[in-house]
Amino acid sequence: MEEKMREHAGQMYELICSSLDKQKFRYVKNEAKRQVIFALKDENVSISVGIAVEEQKQRIHLCSPWDIPLSANKLKENAIAVCAVNSAMADGCLVHNIPNNKIEYKISVSLWDSKAGEGIIDYLLGSAYTVAARYSEMFDKLNKGAMSMDEFTALC
């Protein structure tokens with residue numbers, strides 16, 4: 001079983017890398033951890049993305065920390081805002097990483113008994129991009145006082 005899990009995780013890691021290669025992404029590989037790190041940028045959004053294949057959990061996990069300055073005085077508002085966004089999402093979640101005071105988007109896909117294709121990588125990246133495009137500016141405005149909590153939650 002262990003060997004089958006290791007082999008499957010290796011295949012999924014190669015799938016991730018080949019998919020990113022085909023899309024001409026530049027990324028940093030950590031083969032020992034089966035992880036890639038890169039940036040996703042356009043005129044609207046700029047986010048960091050880490051994708052890892054977790055052999056023991058048999059999943060692909062994406063984590064995208066946002067580079068939005070969060071106000072230390074708005075801890076409660078940010079927690080409520082994260083909950084409001086999470087309740088509106090069908091997949092993935094936002095996390096307020098309190099020690100580094102950053103918002104992170106996380107999503108995982110199970111690999112148990114699956115033969116994931118390149119479409120799953122497109123889905124994960126599209127999901128991270130869409131959430132950042134929709135909500136990162138709202139968090140920025142909330143933390144700068146340019147948007148009230150009522151306005152924020154009404155847009156979720």
# chains A, B, ... in the order shown; residues from 1 in each chain; ligands from 1

$ select_by_dssp --residues "chain A" --states "strand (DSSP E)" --output "ChimeraX atom specification"
/A:28-30,35-41,46-54,59-65,93-97,102-110

$ closest_atom_pairs --of "range 88-144 of chain A" --to "range 38-51 of chain A" --cutoff "8 Å" --atoms "only C-alpha atoms" --output "tab-separated table"
residue	atom	partner	partner_atom	distance
A:Tyr129	CA	A:Val45	CA	7.3
A:Ala132	CA	A:Val45	CA	6.8
A:Ala133	CA	A:Val45	CA	5.8

$ write_last_selection --atoms "C-alpha atoms" --output "JSON list (two decimals), in the first residue's frame"
[["chain", "number", "residue", "atom", "x", "y", "z"],
["A", 129, "TYR", "CA", -7.42, 33.40, -8.72],
["A", 132, "ALA", "CA", -8.42, 36.61, -4.75],
["A", 133, "ALA", "CA", -9.92, 38.71, -7.56]]

$ residues_around --residues "Lys106 in chain A" --least-positions-apart "2" --cutoff "9 Å" --atoms "only C-alpha atoms" --output "PDB file with all heavy atoms, in the first residue's frame"
ATOM      1  N   HIS A  61      -2.751  19.806  -2.318  1.00  0.00           N
ATOM      2  CA  HIS A  61      -3.128  20.927  -1.450  1.00  0.00           C
ATOM      3  C   HIS A  61      -2.550  22.220  -2.020  1.00  0.00           C
ATOM      4  O   HIS A  61      -1.362  22.287  -2.323  1.00  0.00           O
ATOM      5  CB  HIS A  61      -2.599  20.683  -0.037  1.00  0.00           C
ATOM      6  CG  HIS A  61      -2.937  21.757   0.924  1.00  0.00           C
ATOM      7  ND1 HIS A  61      -4.209  21.918   1.443  1.00  0.00           N
ATOM      8  CD2 HIS A  61      -2.186  22.733   1.461  1.00  0.00           C
ATOM      9  CE1 HIS A  61      -4.205  22.953   2.261  1.00  0.00           C
ATOM     10  NE2 HIS A  61      -2.991  23.465   2.283  1.00  0.00           N
ATOM     11  N   LEU A  62      -3.393  23.222  -2.169  1.00  0.00           N
ATOM     12  CA  LEU A  62      -2.965  24.540  -2.634  1.00  0.00           C
ATOM     13  C   LEU A  62      -3.133  25.527  -1.487  1.00  0.00           C
ATOM     14  O   LEU A  62      -4.158  25.530  -0.802  1.00  0.00           O
ATOM     15  CB  LEU A  62      -3.810  24.999  -3.826  1.00  0.00           C
ATOM     16  CG  LEU A  62      -3.473  26.385  -4.389  1.00  0.00           C
ATOM     17  CD1 LEU A  62      -3.669  26.396  -5.895  1.00  0.00           C
ATOM     18  CD2 LEU A  62      -4.317  27.482  -3.748  1.00  0.00           C
ATOM     19  N   CYS A  63      -2.124  26.346  -1.276  1.00  0.00           N
ATOM     20  CA  CYS A  63      -2.189  27.427  -0.293  1.00  0.00           C
ATOM     21  C   CYS A  63      -1.703  28.700  -0.972  1.00  0.00           C
ATOM     22  O   CYS A  63      -0.666  28.706  -1.633  1.00  0.00           O
ATOM     23  CB  CYS A  63      -1.327  27.123   0.924  1.00  0.00           C
ATOM     24  SG  CYS A  63      -1.412  28.403   2.187  1.00  0.00           S
ATOM     25  N   SER A  64      -2.484  29.769  -0.816  1.00  0.00           N
ATOM     26  CA  SER A  64      -2.152  31.040  -1.448  1.00  0.00           C
ATOM     27  C   SER A  64      -2.257  32.171  -0.426  1.00  0.00           C
ATOM     28  O   SER A  64      -3.349  32.659  -0.147  1.00  0.00           O
ATOM     29  CB  SER A  64      -3.102  31.294  -2.622  1.00  0.00           C
ATOM     30  OG  SER A  64      -2.850  32.557  -3.182  1.00  0.00           O
ATOM     31  N   PRO A  65      -1.123  32.577   0.161  1.00  0.00           N
ATOM     32  CA  PRO A  65      -1.151  33.711   1.087  1.00  0.00           C
ATOM     33  C   PRO A  65      -1.271  35.028   0.311  1.00  0.00           C
ATOM     34  O   PRO A  65      -0.623  35.209  -0.717  1.00  0.00           O
ATOM     35  CB  PRO A  65       0.190  33.620   1.819  1.00  0.00           C
ATOM     36  CG  PRO A  65       1.070  32.827   0.925  1.00  0.00           C
ATOM     37  CD  PRO A  65       0.193  31.971   0.063  1.00  0.00           C
ATOM     38  N   GLY A  92     -13.005  25.269  -1.077  1.00  0.00           N
ATOM     39  CA  GLY A  92     -11.875  26.004  -0.532  1.00  0.00           C
ATOM     40  C   GLY A  92     -12.302  26.845   0.653  1.00  0.00           C
ATOM     41  O   GLY A  92     -13.477  26.876   1.028  1.00  0.00           O
ATOM     42  N   CYS A  93     -11.328  27.523   1.252  1.00  0.00           N
ATOM     43  CA  CYS A  93     -11.645  28.389   2.388  1.00  0.00           C
ATOM     44  C   CYS A  93     -10.557  29.443   2.566  1.00  0.00           C
ATOM     45  O   CYS A  93      -9.428  29.270   2.119  1.00  0.00           O
ATOM     46  CB  CYS A  93     -11.795  27.583   3.669  1.00  0.00           C
ATOM     47  SG  CYS A  93     -10.261  26.827   4.249  1.00  0.00           S
ATOM     48  N   LEU A  94     -10.951  30.523   3.210  1.00  0.00           N
ATOM     49  CA  LEU A  94      -9.990  31.533   3.642  1.00  0.00           C
ATOM     50  C   LEU A  94      -9.637  31.255   5.093  1.00  0.00           C
ATOM     51  O   LEU A  94     -10.469  30.787   5.869  1.00  0.00           O
ATOM     52  CB  LEU A  94     -10.569  32.937   3.530  1.00  0.00           C
ATOM     53  CG  LEU A  94     -10.796  33.487   2.136  1.00  0.00           C
ATOM     54  CD1 LEU A  94     -11.288  34.930   2.216  1.00  0.00           C
ATOM     55  CD2 LEU A  94      -9.537  33.421   1.286  1.00  0.00           C
ATOM     56  N   VAL A  95      -8.400  31.564   5.438  1.00  0.00           N
ATOM     57  CA  VAL A  95      -7.913  31.422   6.801  1.00  0.00           C
ATOM     58  C   VAL A  95      -7.219  32.720   7.159  1.00  0.00           C
ATOM     59  O   VAL A  95      -6.457  33.265   6.354  1.00  0.00           O
ATOM     60  CB  VAL A  95      -6.909  30.247   6.908  1.00  0.00           C
ATOM     61  CG1 VAL A  95      -6.292  30.171   8.284  1.00  0.00           C
ATOM     62  CG2 VAL A  95      -7.572  28.935   6.521  1.00  0.00           C
ATOM     63  N   GLU A 104      -5.031  33.744   3.926  1.00  0.00           N
ATOM     64  CA  GLU A 104      -4.584  32.672   3.045  1.00  0.00           C
ATOM     65  C   GLU A 104      -5.803  31.971   2.465  1.00  0.00           C
ATOM     66  O   GLU A 104      -6.791  31.755   3.164  1.00  0.00           O
ATOM     67  CB  GLU A 104      -3.757  31.634   3.809  1.00  0.00           C
ATOM     68  CG  GLU A 104      -2.505  32.168   4.430  1.00  0.00           C
ATOM     69  CD  GLU A 104      -1.787  31.149   5.313  1.00  0.00           C
ATOM     70  OE1 GLU A 104      -2.371  30.075   5.611  1.00  0.00           O
ATOM     71  OE2 GLU A 104      -0.658  31.431   5.709  1.00  0.00           O
ATOM     72  N   SER A 108      -7.998  21.792  -1.164  1.00  0.00           N
ATOM     73  CA  SER A 108      -7.385  20.476  -1.349  1.00  0.00           C
ATOM     74  C   SER A 108      -8.284  19.601  -2.211  1.00  0.00           C
ATOM     75  O   SER A 108      -9.498  19.784  -2.230  1.00  0.00           O
ATOM     76  CB  SER A 108      -7.185  19.775   0.003  1.00  0.00           C
ATOM     77  OG  SER A 108      -6.290  20.483   0.806  1.00  0.00           O
ATOM     78  N   ALA A 128      -8.208  29.708  -6.881  1.00  0.00           N
ATOM     79  CA  ALA A 128      -7.375  30.650  -6.117  1.00  0.00           C
ATOM     80  C   ALA A 128      -7.443  32.044  -6.719  1.00  0.00           C
ATOM     81  O   ALA A 128      -7.573  33.045  -6.004  1.00  0.00           O
ATOM     82  CB  ALA A 128      -5.929  30.161  -6.076  1.00  0.00           C
TER      83      ALA A 128
END

$ select_by_dssp --residues "chain A" --states "alpha helix (DSSP H)" --output "PyMOL selection string"
chain A and resi 2-22+75-88+118-144+149-155

$ residues_around --residues "Gly10 in chain A" --least-positions-apart "2" --cutoff "10 Å" --atoms "only C-alpha atoms" --output "PDB file with all heavy atoms, in the first residue's frame"
ATOM      1  N   LYS A   4       2.307   1.948  -3.405  1.00  0.00           N
ATOM      2  CA  LYS A   4       1.269   2.431  -4.322  1.00  0.00           C
ATOM      3  C   LYS A   4       0.961   3.910  -4.050  1.00  0.00           C
ATOM      4  O   LYS A   4       0.806   4.699  -4.980  1.00  0.00           O
ATOM      5  CB  LYS A   4       0.003   1.590  -4.177  1.00  0.00           C
ATOM      6  CG  LYS A   4      -1.075   1.942  -5.157  1.00  0.00           C
ATOM      7  CD  LYS A   4      -2.280   1.030  -5.009  1.00  0.00           C
ATOM      8  CE  LYS A   4      -3.350   1.425  -6.004  1.00  0.00           C
ATOM      9  NZ  LYS A   4      -4.543   0.588  -5.885  1.00  0.00           N
ATOM     10  N   MET A   5       0.913   4.284  -2.776  1.00  0.00           N
ATOM     11  CA  MET A   5       0.660   5.679  -2.407  1.00  0.00           C
ATOM     12  C   MET A   5       1.803   6.575  -2.881  1.00  0.00           C
ATOM     13  O   MET A   5       1.566   7.666  -3.395  1.00  0.00           O
ATOM     14  CB  MET A   5       0.465   5.806  -0.889  1.00  0.00           C
ATOM     15  CG  MET A   5      -0.837   5.213  -0.406  1.00  0.00           C
ATOM     16  SD  MET A   5      -0.982   5.086   1.404  1.00  0.00           S
ATOM     17  CE  MET A   5      -0.749   6.760   1.931  1.00  0.00           C
ATOM     18  N   ARG A   6       3.035   6.123  -2.696  1.00  0.00           N
ATOM     19  CA  ARG A   6       4.212   6.887  -3.109  1.00  0.00           C
ATOM     20  C   ARG A   6       4.215   7.075  -4.630  1.00  0.00           C
ATOM     21  O   ARG A   6       4.451   8.164  -5.138  1.00  0.00           O
ATOM     22  CB  ARG A   6       5.490   6.182  -2.649  1.00  0.00           C
ATOM     23  CG  ARG A   6       6.754   6.961  -2.924  1.00  0.00           C
ATOM     24  CD  ARG A   6       8.010   6.291  -2.364  1.00  0.00           C
ATOM     25  NE  ARG A   6       7.884   5.963  -0.948  1.00  0.00           N
ATOM     26  CZ  ARG A   6       7.755   4.717  -0.457  1.00  0.00           C
ATOM     27  NH1 ARG A   6       7.770   3.676  -1.258  1.00  0.00           N
ATOM     28  NH2 ARG A   6       7.634   4.504   0.830  1.00  0.00           N
ATOM     29  N   GLU A   7       3.922   5.997  -5.353  1.00  0.00           N
ATOM     30  CA  GLU A   7       3.895   6.057  -6.811  1.00  0.00           C
ATOM     31  C   GLU A   7       2.800   7.006  -7.310  1.00  0.00           C
ATOM     32  O   GLU A   7       3.028   7.811  -8.208  1.00  0.00           O
ATOM     33  CB  GLU A   7       3.670   4.650  -7.376  1.00  0.00           C
ATOM     34  CG  GLU A   7       3.730   4.594  -8.880  1.00  0.00           C
ATOM     35  CD  GLU A   7       3.533   3.171  -9.379  1.00  0.00           C
ATOM     36  OE1 GLU A   7       4.189   2.256  -8.836  1.00  0.00           O
ATOM     37  OE2 GLU A   7       2.724   2.996 -10.310  1.00  0.00           O
ATOM     38  N   HIS A   8       1.634   6.907  -6.712  1.00  0.00           N
ATOM     39  CA  HIS A   8       0.522   7.767  -7.123  1.00  0.00           C
ATOM     40  C   HIS A   8       0.847   9.237  -6.836  1.00  0.00           C
ATOM     41  O   HIS A   8       0.586  10.109  -7.668  1.00  0.00           O
ATOM     42  CB  HIS A   8      -0.763   7.339  -6.416  1.00  0.00           C
ATOM     43  CG  HIS A   8      -1.997   7.931  -6.998  1.00  0.00           C
ATOM     44  ND1 HIS A   8      -3.041   8.349  -6.218  1.00  0.00           N
ATOM     45  CD2 HIS A   8      -2.369   8.202  -8.273  1.00  0.00           C
ATOM     46  CE1 HIS A   8      -3.996   8.836  -6.984  1.00  0.00           C
ATOM     47  NE2 HIS A   8      -3.610   8.760  -8.228  1.00  0.00           N
ATOM     48  N   MET A  12       1.135  12.342  -9.560  1.00  0.00           N
ATOM     49  CA  MET A  12       0.372  13.588  -9.432  1.00  0.00           C
ATOM     50  C   MET A  12       1.299  14.795  -9.406  1.00  0.00           C
ATOM     51  O   MET A  12       0.994  15.836  -9.972  1.00  0.00           O
ATOM     52  CB  MET A  12      -0.510  13.576  -8.180  1.00  0.00           C
ATOM     53  CG  MET A  12      -1.664  12.593  -8.239  1.00  0.00           C
ATOM     54  SD  MET A  12      -2.810  12.907  -9.607  1.00  0.00           S
ATOM     55  CE  MET A  12      -2.334  11.648 -10.777  1.00  0.00           C
ATOM     56  N   TYR A  13       2.464  14.647  -8.773  1.00  0.00           N
ATOM     57  CA  TYR A  13       3.436  15.735  -8.755  1.00  0.00           C
ATOM     58  C   TYR A  13       3.940  16.019 -10.175  1.00  0.00           C
ATOM     59  O   TYR A  13       4.033  17.182 -10.586  1.00  0.00           O
ATOM     60  CB  TYR A  13       4.603  15.388  -7.827  1.00  0.00           C
ATOM     61  CG  TYR A  13       5.632  16.484  -7.740  1.00  0.00           C
ATOM     62  CD1 TYR A  13       5.339  17.691  -7.112  1.00  0.00           C
ATOM     63  CD2 TYR A  13       6.898  16.318  -8.295  1.00  0.00           C
ATOM     64  CE1 TYR A  13       6.291  18.707  -7.041  1.00  0.00           C
ATOM     65  CE2 TYR A  13       7.848  17.328  -8.214  1.00  0.00           C
ATOM     66  CZ  TYR A  13       7.538  18.512  -7.590  1.00  0.00           C
ATOM     67  OH  TYR A  13       8.471  19.513  -7.526  1.00  0.00           O
ATOM     68  N   GLU A  14       4.227  14.981 -10.934  1.00  0.00           N
ATOM     69  CA  GLU A  14       4.647  15.168 -12.325  1.00  0.00           C
ATOM     70  C   GLU A  14       3.534  15.806 -13.155  1.00  0.00           C
ATOM     71  O   GLU A  14       3.812  16.633 -14.031  1.00  0.00           O
ATOM     72  CB  GLU A  14       5.079  13.829 -12.937  1.00  0.00           C
ATOM     73  CG  GLU A  14       6.389  13.317 -12.385  1.00  0.00           C
ATOM     74  CD  GLU A  14       7.531  14.319 -12.549  1.00  0.00           C
ATOM     75  OE1 GLU A  14       7.655  14.936 -13.622  1.00  0.00           O
ATOM     76  OE2 GLU A  14       8.302  14.484 -11.583  1.00  0.00           O
ATOM     77  N   LEU A  15       2.295  15.458 -12.874  1.00  0.00           N
ATOM     78  CA  LEU A  15       1.156  16.062 -13.564  1.00  0.00           C
ATOM     79  C   LEU A  15       1.101  17.569 -13.294  1.00  0.00           C
ATOM     80  O   LEU A  15       0.892  18.364 -14.202  1.00  0.00           O
ATOM     81  CB  LEU A  15      -0.155  15.403 -13.115  1.00  0.00           C
ATOM     82  CG  LEU A  15      -1.424  16.017 -13.696  1.00  0.00           C
ATOM     83  CD1 LEU A  15      -1.583  15.628 -15.159  1.00  0.00           C
ATOM     84  CD2 LEU A  15      -2.629  15.556 -12.893  1.00  0.00           C
ATOM     85  N   ILE A  16       1.313  17.949 -12.049  1.00  0.00           N
ATOM     86  CA  ILE A  16       1.318  19.369 -11.687  1.00  0.00           C
ATOM     87  C   ILE A  16       2.411  20.100 -12.456  1.00  0.00           C
ATOM     88  O   ILE A  16       2.174  21.132 -13.093  1.00  0.00           O
ATOM     89  CB  ILE A  16       1.513  19.558 -10.163  1.00  0.00           C
ATOM     90  CG1 ILE A  16       0.280  19.069  -9.407  1.00  0.00           C
ATOM     91  CG2 ILE A  16       1.811  21.017  -9.823  1.00  0.00           C
ATOM     92  CD1 ILE A  16       0.495  18.903  -7.921  1.00  0.00           C
ATOM     93  N   GLU A  31      11.353  18.871  -4.989  1.00  0.00           N
ATOM     94  CA  GLU A  31      10.967  17.497  -5.306  1.00  0.00           C
ATOM     95  C   GLU A  31      10.856  16.627  -4.069  1.00  0.00           C
ATOM     96  O   GLU A  31      10.010  15.730  -4.014  1.00  0.00           O
ATOM     97  CB  GLU A  31      11.924  16.912  -6.334  1.00  0.00           C
ATOM     98  CG  GLU A  31      11.767  17.596  -7.681  1.00  0.00           C
ATOM     99  CD  GLU A  31      12.568  16.962  -8.790  1.00  0.00           C
ATOM    100  OE1 GLU A  31      13.026  15.811  -8.639  1.00  0.00           O
ATOM    101  OE2 GLU A  31      12.722  17.632  -9.829  1.00  0.00           O
ATOM    102  N   ARG A  34       7.626  17.340  -2.836  1.00  0.00           N
ATOM    103  CA  ARG A  34       6.636  17.331  -3.930  1.00  0.00           C
ATOM    104  C   ARG A  34       5.819  18.622  -3.897  1.00  0.00           C
ATOM    105  O   ARG A  34       4.599  18.620  -3.837  1.00  0.00           O
ATOM    106  CB  ARG A  34       5.725  16.116  -3.834  1.00  0.00           C
ATOM    107  CG  ARG A  34       6.399  14.817  -4.159  1.00  0.00           C
ATOM    108  CD  ARG A  34       5.375  13.714  -4.350  1.00  0.00           C
ATOM    109  NE  ARG A  34       6.004  12.469  -4.666  1.00  0.00           N
ATOM    110  CZ  ARG A  34       6.240  11.503  -3.774  1.00  0.00           C
ATOM    111  NH1 ARG A  34       5.883  11.663  -2.527  1.00  0.00           N
ATOM    112  NH2 ARG A  34       6.825  10.387  -4.153  1.00  0.00           N
ATOM    113  N   VAL A  53       1.820  17.893  -3.141  1.00  0.00           N
ATOM    114  CA  VAL A  53       1.172  16.588  -3.123  1.00  0.00           C
ATOM    115  C   VAL A  53       1.549  15.952  -1.796  1.00  0.00           C
ATOM    116  O   VAL A  53       2.729  15.775  -1.494  1.00  0.00           O
ATOM    117  CB  VAL A  53       1.635  15.699  -4.293  1.00  0.00           C
ATOM    118  CG1 VAL A  53       1.002  14.322  -4.197  1.00  0.00           C
ATOM    119  CG2 VAL A  53       1.302  16.361  -5.622  1.00  0.00           C
ATOM    120  N   GLU A  54       0.539  15.644  -1.003  1.00  0.00           N
ATOM    121  CA  GLU A  54       0.766  15.045   0.311  1.00  0.00           C
ATOM    122  C   GLU A  54       0.522  13.535   0.206  1.00  0.00           C
ATOM    123  O   GLU A  54      -0.619  13.086   0.091  1.00  0.00           O
ATOM    124  CB  GLU A  54      -0.143  15.700   1.339  1.00  0.00           C
ATOM    125  CG  GLU A  54       0.152  17.187   1.490  1.00  0.00           C
ATOM    126  CD  GLU A  54      -0.828  17.912   2.391  1.00  0.00           C
ATOM    127  OE1 GLU A  54      -1.897  17.349   2.705  1.00  0.00           O
ATOM    128  OE2 GLU A  54      -0.511  19.046   2.781  1.00  0.00           O
ATOM    129  N   GLU A  55       1.620  12.797   0.240  1.00  0.00           N
ATOM    130  CA  GLU A  55       1.563  11.349   0.001  1.00  0.00           C
ATOM    131  C   GLU A  55       0.697  10.621   1.022  1.00  0.00           C
ATOM    132  O   GLU A  55      -0.158   9.819   0.655  1.00  0.00           O
ATOM    133  CB  GLU A  55       2.983  10.781   0.034  1.00  0.00           C
ATOM    134  CG  GLU A  55       3.063   9.304  -0.197  1.00  0.00           C
ATOM    135  CD  GLU A  55       4.492   8.805  -0.157  1.00  0.00           C
ATOM    136  OE1 GLU A  55       5.388   9.472  -0.706  1.00  0.00           O
ATOM    137  OE2 GLU A  55       4.702   7.737   0.439  1.00  0.00           O
TER     138      GLU A  55
END

$ closest_residue --among "A:Gly117, A:Ile68, A:Ala84, A:Val36" --to "Glu151 in chain A" --atoms "only C-alpha atoms"
A:Ala84

$ closest_residue --among "A:Asn97, A:Gln56, A:Asn86, A:Phe139" --to "Trp112 in chain A" --atoms "only C-alpha atoms"
A:Gln56
